[in-house]
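> Handing you this structure, nothing more for now.
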Amino acid sequence: MDERLACLAELEKKILWLSTWMIHNANQRHANQDGLKIGGHQASSASLATIMTALYFAVLRPEDRVAVKPHASPVFHAIQYLLGNQTREKLEAFRGYSGAQSYPSRTKDTDDVDFSTGSVGLGVAQTLFSALVQDYLRAKDLAKEHPEGRMVALIGDAEMDEGNIFEALLEGWKHGLRNTWWVVDYNRQSLDAVVREGLWERFEAMFRNFGWDVVVLKYGSLLEEAFSEPAGERLRGWIDGCPNQLYSALTFQGGAAWRKRLLDDLGDQGAFSRLIEKRSDDALARLMTNLAGHDLPTVLEAFEAARRHNRPVCFIAYTIKGFGLPLAGHKDNHAGLMTPSQVDILRGQMGVRAGREWEPFEGLGPSEGEIRAFLATVPFAARGRRRYRAPAVAVPERLSFTAQPSMSTQQGFGLLMHEIGKLDNDFARRITTTSPDVTVSTNLGPWVNRRGLFAREEMSDVFRRERIPSTFNWAFSPKGQHLELGIAEMNLFIMLSALGLSHSIFGERLLPVGTLYDPFIERGLDALNYACYQDARFIIAATPSGVTLAPEGGAHQSIATPLIGMAQDGLASFEPAFVDELAVILRFGFDYIQRDGTAEADEVNWLRDAVGGAVYLRLSTRSIEQPRRELDDQLATDMINGAYWMRSPGPNAQIILAYMGAVAPEAVEAVGLMAEDRRDIGLLAVTSADRLQAGWTAAQRAREHGLVHARSHIERLLAAVPENCALVTVVDGHPATLAWLGGVHGQRTRALGVEHFGQSGTIADLYRHYGIDAQGIVAAAQAVAPGRPIRHLRMV
């Protein structure tokens, strides 16, 4: 034990040095050509050096997964460097191009990042939902080859202000959370201030109320020894009552300041005075800053005790921001940087010779051989890198549904999922659905009736047991495949992120499908972006959408979501009008979320389809007449690539109408009205503005790089359209969604859509109000490409 502690103490020192030097090097050695601050968080890294040393080099096992608080990224990279998972070149380029990332990133960093944590709070919640996914897999006898792992979050105390953490806690309680550790770095300082008094008491009460064990790590071994001396309890009492700001200030000022304040407050010329006066200023400073979060024996004992059970544990670890650095305790130290002279002093204290700052074993007491031997026994690294792969699940060649003359895409989604639910194959078994209390109203009810709700322990449907008639069978069991969530969209997207990384985190592939109301995507947008940034794979069906949800009013009518679908990286966005389109796209989606190929563009659509990603379906409750047609391979491919001709334009076309989604009937009607005057008019059905625009942009870029043959799908579709032909676009969403189409060949364009909050009314009322009804479309066409007046056209 003594030898292990000695090696850990040396590694702790080395990690503190490397993380500090990494930030200093980035700020002092890189050419700052654009004048921007490079930054870093030397103090925030220092406060976690002890805890992360104990975890990574002694406590964690290969099956454990960790979300490192964003500002401790340099400590993480330093640890990975010592374990051989990070390179010196990446460290030297920290916060630079192709260097180690400012915040841990699964997709951007080359070392073994479990969870990205750039957006504070989200990585914390991800560990909770990953623990629930682990329980889901094990209940289904999946991932059994790996022992149960702990999902660990290292949290800054100010990070606990994030609301999504509290939402996640409630969901964890509902689902019987296990195997989760949250370690709060309680340094009592945030970005701009010192944390309010007594916050840890609120944390403790909150976690206990949600069924967590709470372990308060407050005093280190030096302080505990001092408390056992005569008058030691008076010292404990003084520290317990010391305001956070005063404690921080005295820490920054050092031993002499501690001595004066303690003797002024408690000096008695007796036992207490002797307790203080027998220690030098340096020794007194070490004593008064010996909080448990910086005491290796204390944190090791606490972590190892918690490994003996699987209950969720919150460790409230008292630390000092900037511990071991001259910045320690100062309220401005969050983004403060050490001066070159301060770094030189620290280098000398660490025994690091100039020019050998990056050497992993420089300045350590034990020999290089001894440290290497110790690192070779670290449990966490016993299996090497822990990024798993899972085979793809075969997707049926076609998804079937019971066609009806008039349907909505939301209804069609429910029918498609219901038919999948009837299947007895690995594809159906791997699908996992989830929804924030809108399962029935997003048409997932029939799927849930067939596949059941998930719980680790069986719970019967009380209504069914009491023989009360109900459309839905809400039985919970380990066999269930639907995870019901409370009304919190942040939780939905973090759950989808956890489910969508199952193949990489646990080595077992799931096919996650989530549903929510389309306008409420914006309530969970940070978590959606976070999920995509991690390259989580899932399908999100958002419905109902747009002002087409007419009676609900502006609060439930989405406007900007088509633009979100276009702008969000890692997410392929679709808005089909008809259910046969949806069936093709949903089938493609189940395949697409499993892809893991190269980033080379597909020369048919110039998209990076081999890479794959998540999928967003914007659906509608509007029931519209369905086309009677057989889909050949080319038409299905066009639907997937983003558009197809519902009516091909003739050689003398003066106007092209492009529509997307639920406004299809108005577009068809408008073409009928205009056909009296313009017989070559074309009708373009857009199924994905996102993929059309992305392919067009990629093809232009390819041509700029010499690939003169590059043509995107939309360029080919519009190739035969005369140059003087005008375009009218219409969508139940922001008009910018399709406005760019005119730029493909430089044609005059009038973009119709919704720019302002909606109101209650009928679909006809609102379409007329926004000018996206048939007559509004015709009026726009007349304005952009004047022709003979059309009879019965009202003024709009």
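For the structure tokens, the naming scheme is as follows: chains receive sequential letters (A, B, ...) according to their order of presentation, residues are indexed from 1 within each chain, and ligands are indexed from 1 in presentation order.
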How would you write, as a ChimeraX atom specification, the set of residues in region 124-332 of chain A that DSSP gives as strand (DSSP E or B)?

/A:151-156,180-186,189,194,213-217,219,291,313-318

> Next, write the just-selected residues to a file, as a short mmCIF file (atom, residue, chain, number, x, y, z; two decimals), in the first residue's frame, keeping N, CA and C atoms as the atom set.


```
data_model
loop_
_atom_site.label_atom_id
_atom_site.label_comp_id
_atom_site.auth_asym_id
_atom_site.auth_seq_id
_atom_site.Cartn_x
_atom_site.Cartn_y
_atom_site.Cartn_z
N MET A 151 -20.76 4.18 -14.28
CA MET A 151 -20.82 5.36 -15.11
C MET A 151 -20.50 6.55 -14.20
N VAL A 152 -19.35 7.17 -14.43
CA VAL A 152 -18.79 8.15 -13.50
C VAL A 152 -18.80 9.54 -14.14
N ALA A 153 -19.28 10.53 -13.41
CA ALA A 153 -19.22 11.92 -13.85
C ALA A 153 -18.40 12.72 -12.86
N LEU A 154 -17.47 13.49 -13.37
CA LEU A 154 -16.68 14.42 -12.57
C LEU A 154 -17.24 15.81 -12.83
N ILE A 155 -17.80 16.43 -11.80
CA ILE A 155 -18.66 17.60 -11.96
C ILE A 155 -18.08 18.79 -11.22
N GLY A 156 -18.01 19.92 -11.88
CA GLY A 156 -17.72 21.16 -11.18
C GLY A 156 -18.94 21.57 -10.38
N THR A 180 -23.90 4.21 -10.78
CA THR A 180 -23.59 5.57 -11.20
C THR A 180 -22.90 6.32 -10.07
N TRP A 181 -21.78 6.94 -10.39
CA TRP A 181 -21.07 7.80 -9.44
C TRP A 181 -20.99 9.21 -10.01
N TRP A 182 -21.37 10.17 -9.20
CA TRP A 182 -21.13 11.57 -9.54
C TRP A 182 -20.19 12.14 -8.49
N VAL A 183 -19.07 12.66 -8.94
CA VAL A 183 -18.07 13.23 -8.03
C VAL A 183 -18.09 14.74 -8.21
N VAL A 184 -18.60 15.44 -7.19
CA VAL A 184 -18.71 16.89 -7.27
C VAL A 184 -17.40 17.51 -6.79
N ASP A 185 -16.75 18.21 -7.69
CA ASP A 185 -15.52 18.95 -7.37
C ASP A 185 -15.94 20.23 -6.64
N TYR A 186 -16.10 20.11 -5.31
CA TYR A 186 -16.69 21.19 -4.52
C TYR A 186 -15.60 22.17 -4.10
N GLN A 189 -16.06 27.64 -6.09
CA GLN A 189 -15.84 28.78 -6.97
C GLN A 189 -16.43 28.47 -8.35
N VAL A 194 -17.64 33.27 -6.00
CA VAL A 194 -17.51 32.21 -5.00
C VAL A 194 -18.90 31.69 -4.71
N ASP A 213 -26.76 7.32 -2.34
CA ASP A 213 -25.85 7.43 -1.21
C ASP A 213 -25.06 8.72 -1.39
N VAL A 214 -24.77 9.41 -0.29
CA VAL A 214 -23.98 10.63 -0.34
C VAL A 214 -22.75 10.45 0.54
N VAL A 215 -21.59 10.66 -0.02
CA VAL A 215 -20.33 10.57 0.72
C VAL A 215 -19.68 11.95 0.68
N VAL A 216 -19.59 12.59 1.83
CA VAL A 216 -18.98 13.92 1.92
C VAL A 216 -17.51 13.75 2.27
N LEU A 217 -16.66 14.16 1.36
CA LEU A 217 -15.22 14.09 1.56
C LEU A 217 -14.72 15.49 1.87
N TYR A 219 -12.41 16.49 4.97
CA TYR A 219 -11.11 16.70 5.60
C TYR A 219 -10.13 15.60 5.23
N LEU A 291 -7.76 19.48 2.29
CA LEU A 291 -9.13 19.02 2.15
C LEU A 291 -9.12 17.61 1.55
N VAL A 313 -24.06 6.79 -6.19
CA VAL A 313 -23.33 7.49 -5.13
C VAL A 313 -22.96 8.89 -5.63
N CYS A 314 -23.20 9.86 -4.77
CA CYS A 314 -22.70 11.21 -5.00
C CYS A 314 -21.59 11.50 -4.00
N PHE A 315 -20.40 11.73 -4.50
CA PHE A 315 -19.27 12.13 -3.66
C PHE A 315 -19.18 13.66 -3.70
N ILE A 316 -19.30 14.29 -2.56
CA ILE A 316 -19.10 15.73 -2.49
C ILE A 316 -17.69 15.94 -1.95
N ALA A 317 -16.78 16.20 -2.88
CA ALA A 317 -15.35 16.24 -2.54
C ALA A 317 -14.90 17.69 -2.40
N TYR A 318 -14.57 18.08 -1.18
CA TYR A 318 -14.05 19.42 -0.96
C TYR A 318 -12.66 19.54 -1.58
#
```

> I want to know what sits within 10 Å of Trp21 (chain A), based on only C-alpha atoms, with residues of the same chain fewer than 4 positions away left out; could you give that as a list of chain:residue names?

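In the requested form, the answer reads A:Ile15, A:Leu16, A:Trp17, A:Asn25, A:Ala26, A:Asn27, A:Gln28, A:Gln42, A:Pro74, A:Leu91, A:Glu92, A:Met338, A:Val343, A:Leu346, A:Arg347, A:Glu357, A:Trp358.
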
> So the first atom is CA of Lys90 (chain A) and the second is CA of Ala381 (chain A); what is the distance between them in Å, to one decimal place?

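Between CA of Lys90 (chain A) and CA of Ala381 (chain A) the gap works out to 20.0 Å.
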
> Counting only C-alpha atoms, what is within 7 Å of Asp111 (chain A), bar same-chain residues fewer than 3 positions away, as a PyMOL selection string?

chain A and resi 80+85-86

> May I have the residues from that selection written out with N, CA and C atoms, as a compact mmCIF listing (two decimals), in the first residue's frame?


```txt
# COMPACT_ATOMS: atom_id res chain seq x y z
N GLN A 80 -3.98 10.26 -20.16
CA GLN A 80 -3.95 9.41 -21.35
C GLN A 80 -2.54 9.36 -21.96
N ASN A 85 -2.08 6.50 -24.52
CA ASN A 85 -3.20 6.71 -25.44
C ASN A 85 -3.21 8.09 -26.07
N GLN A 86 -2.22 8.92 -25.75
CA GLN A 86 -2.14 10.27 -26.28
C GLN A 86 -0.70 10.55 -26.69
```

> Which residues come within 7 Å of region 639-642 of chain A, counting only C-alpha atoms, excluding same-chain residues fewer than 5 positions away, as a list in words?

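Returned residues: Glu581, Ile585, Asn605, Val686, Thr687, Ser688, Ala689, Arg691, Leu692 and His713 of chain A.
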
> Between CA of Asn310 (chain A) and CA of Val113 (chain A), what distance in Å does the model show, to one decimal?

23.3 Å

> Please provide as a VMD selection string all residues within 6 Å of region 492-500 of chain A, with the sequence filter that same-chain residues fewer than 4 positions apart are discarded (counting only C-alpha atoms).

chain A and resid 126 129 to 130 527 to 528 531 536 to 538

> Please determine, counting only C-alpha atoms, which residue among A:Asn652, A:Gln594, A:Ser19, A:Ser45 has the shortest atom-to-atom distance to Val395 (chain A).

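Of A:Asn652, A:Gln594, A:Ser19, A:Ser45, the one nearest Val395 (chain A) is A:Gln594, counting only C-alpha atoms.
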
> Please identify all polymer residues within 10 Å of Asp161 (chain A), counting only C-alpha atoms, omitting same-chain residues fewer than 5 positions from it, and present them as an mmCIF file with C-alpha atoms, in the first residue's frame.


```cif
data_model
loop_
_atom_site.group_PDB
_atom_site.id
_atom_site.type_symbol
_atom_site.label_atom_id
_atom_site.label_comp_id
_atom_site.auth_asym_id
_atom_site.auth_seq_id
_atom_site.Cartn_x
_atom_site.Cartn_y
_atom_site.Cartn_z
ATOM 1 C CA VAL A 120 -21.613 21.709 -19.174
ATOM 2 C CA GLY A 121 -24.118 19.459 -17.444
ATOM 3 C CA GLY A 156 -17.721 21.156 -11.176
ATOM 4 C CA PHE A 166 -32.042 17.943 -12.019
#
```

> List as a list in words the protein and nucleic acid residues near Asp109 (chain A), meaning an atom at most 8 Å away when only C-alpha atoms are counted, but skip any in the same chain fewer than 5 places from it.

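Residues near the query, excluding close chain neighbours: Gly99, Ala100, Gln101 and Pro104 of chain A.
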
> Atoms to include: N, CA and C atoms. Write the selected residues as an mmCIF file, in the first residue's frame.


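Output file part_4.cif is given in full below:
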```cif
data_model
loop_
_atom_site.group_PDB
_atom_site.id
_atom_site.type_symbol
_atom_site.label_atom_id
_atom_site.label_comp_id
_atom_site.auth_asym_id
_atom_site.auth_seq_id
_atom_site.Cartn_x
_atom_site.Cartn_y
_atom_site.Cartn_z
ATOM 1 N N GLY A 99 -4.949 19.491 -32.604
ATOM 2 C CA GLY A 99 -4.380 19.139 -31.308
ATOM 3 C C GLY A 99 -5.414 18.539 -30.370
ATOM 4 N N ALA A 100 -4.963 18.218 -29.161
ATOM 5 C CA ALA A 100 -5.891 17.765 -28.129
ATOM 6 C C ALA A 100 -6.939 18.845 -27.903
ATOM 7 N N GLN A 101 -8.185 18.425 -27.737
ATOM 8 C CA GLN A 101 -9.290 19.382 -27.697
ATOM 9 C C GLN A 101 -9.371 20.132 -26.361
ATOM 10 N N PRO A 104 -13.006 17.491 -23.563
ATOM 11 C CA PRO A 104 -12.955 16.108 -24.059
ATOM 12 C C PRO A 104 -14.015 15.834 -25.126
#
```

> What is the distance, in Å and to one decimal place, between CA of Glu715 (chain A) and CA of Val784 (chain A)?

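The value is 21.3 Å.
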
> Between A:Met22, A:Leu199, A:Val59, A:Met646, which has the minimum distance to Arg88 (chain A) (counting only C-alpha atoms)?

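Of A:Met22, A:Leu199, A:Val59, A:Met646, the one nearest Arg88 (chain A), counting only C-alpha atoms, is A:Met22.
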
> Kindly provide the residues of region 533-652 of chain A that approach region 425-435 of chain A to within 10 Å, each paired with its closest atom pair and their distance in Å to one decimal, based on only C-alpha atoms, listed by chain and increasing number, as JSON lines.


```
{"residue": "A:Phe538", "atom": "CA", "partner": "A:Thr432", "partner_atom": "CA", "distance": 9.6}
{"residue": "A:Ile539", "atom": "CA", "partner": "A:Thr433", "partner_atom": "CA", "distance": 9.4}
{"residue": "A:Ile540", "atom": "CA", "partner": "A:Thr434", "partner_atom": "CA", "distance": 9.6}
{"residue": "A:Ala541", "atom": "CA", "partner": "A:Ser435", "partner_atom": "CA", "distance": 9.9}
{"residue": "A:Phe590", "atom": "CA", "partner": "A:Ile431", "partner_atom": "CA", "distance": 9.3}
```

> Rank A:His482, A:Arg308, A:Arg398, A:His41 by their smallest atom-to-atom distance to Leu327 (chain A), using only C-alpha atoms, and report the top residue only.

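Answer, going by the shortest atom-to-atom distance: A:His41.
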
> Could you find all residues in region 262-405 of chain A that DSSP calls alpha helix (DSSP H) from the backbone, and write them as a VMD selection string?

chain A and resid 262 to 266 271 to 277 281 to 288 296 to 306 340 to 350 368 to 376
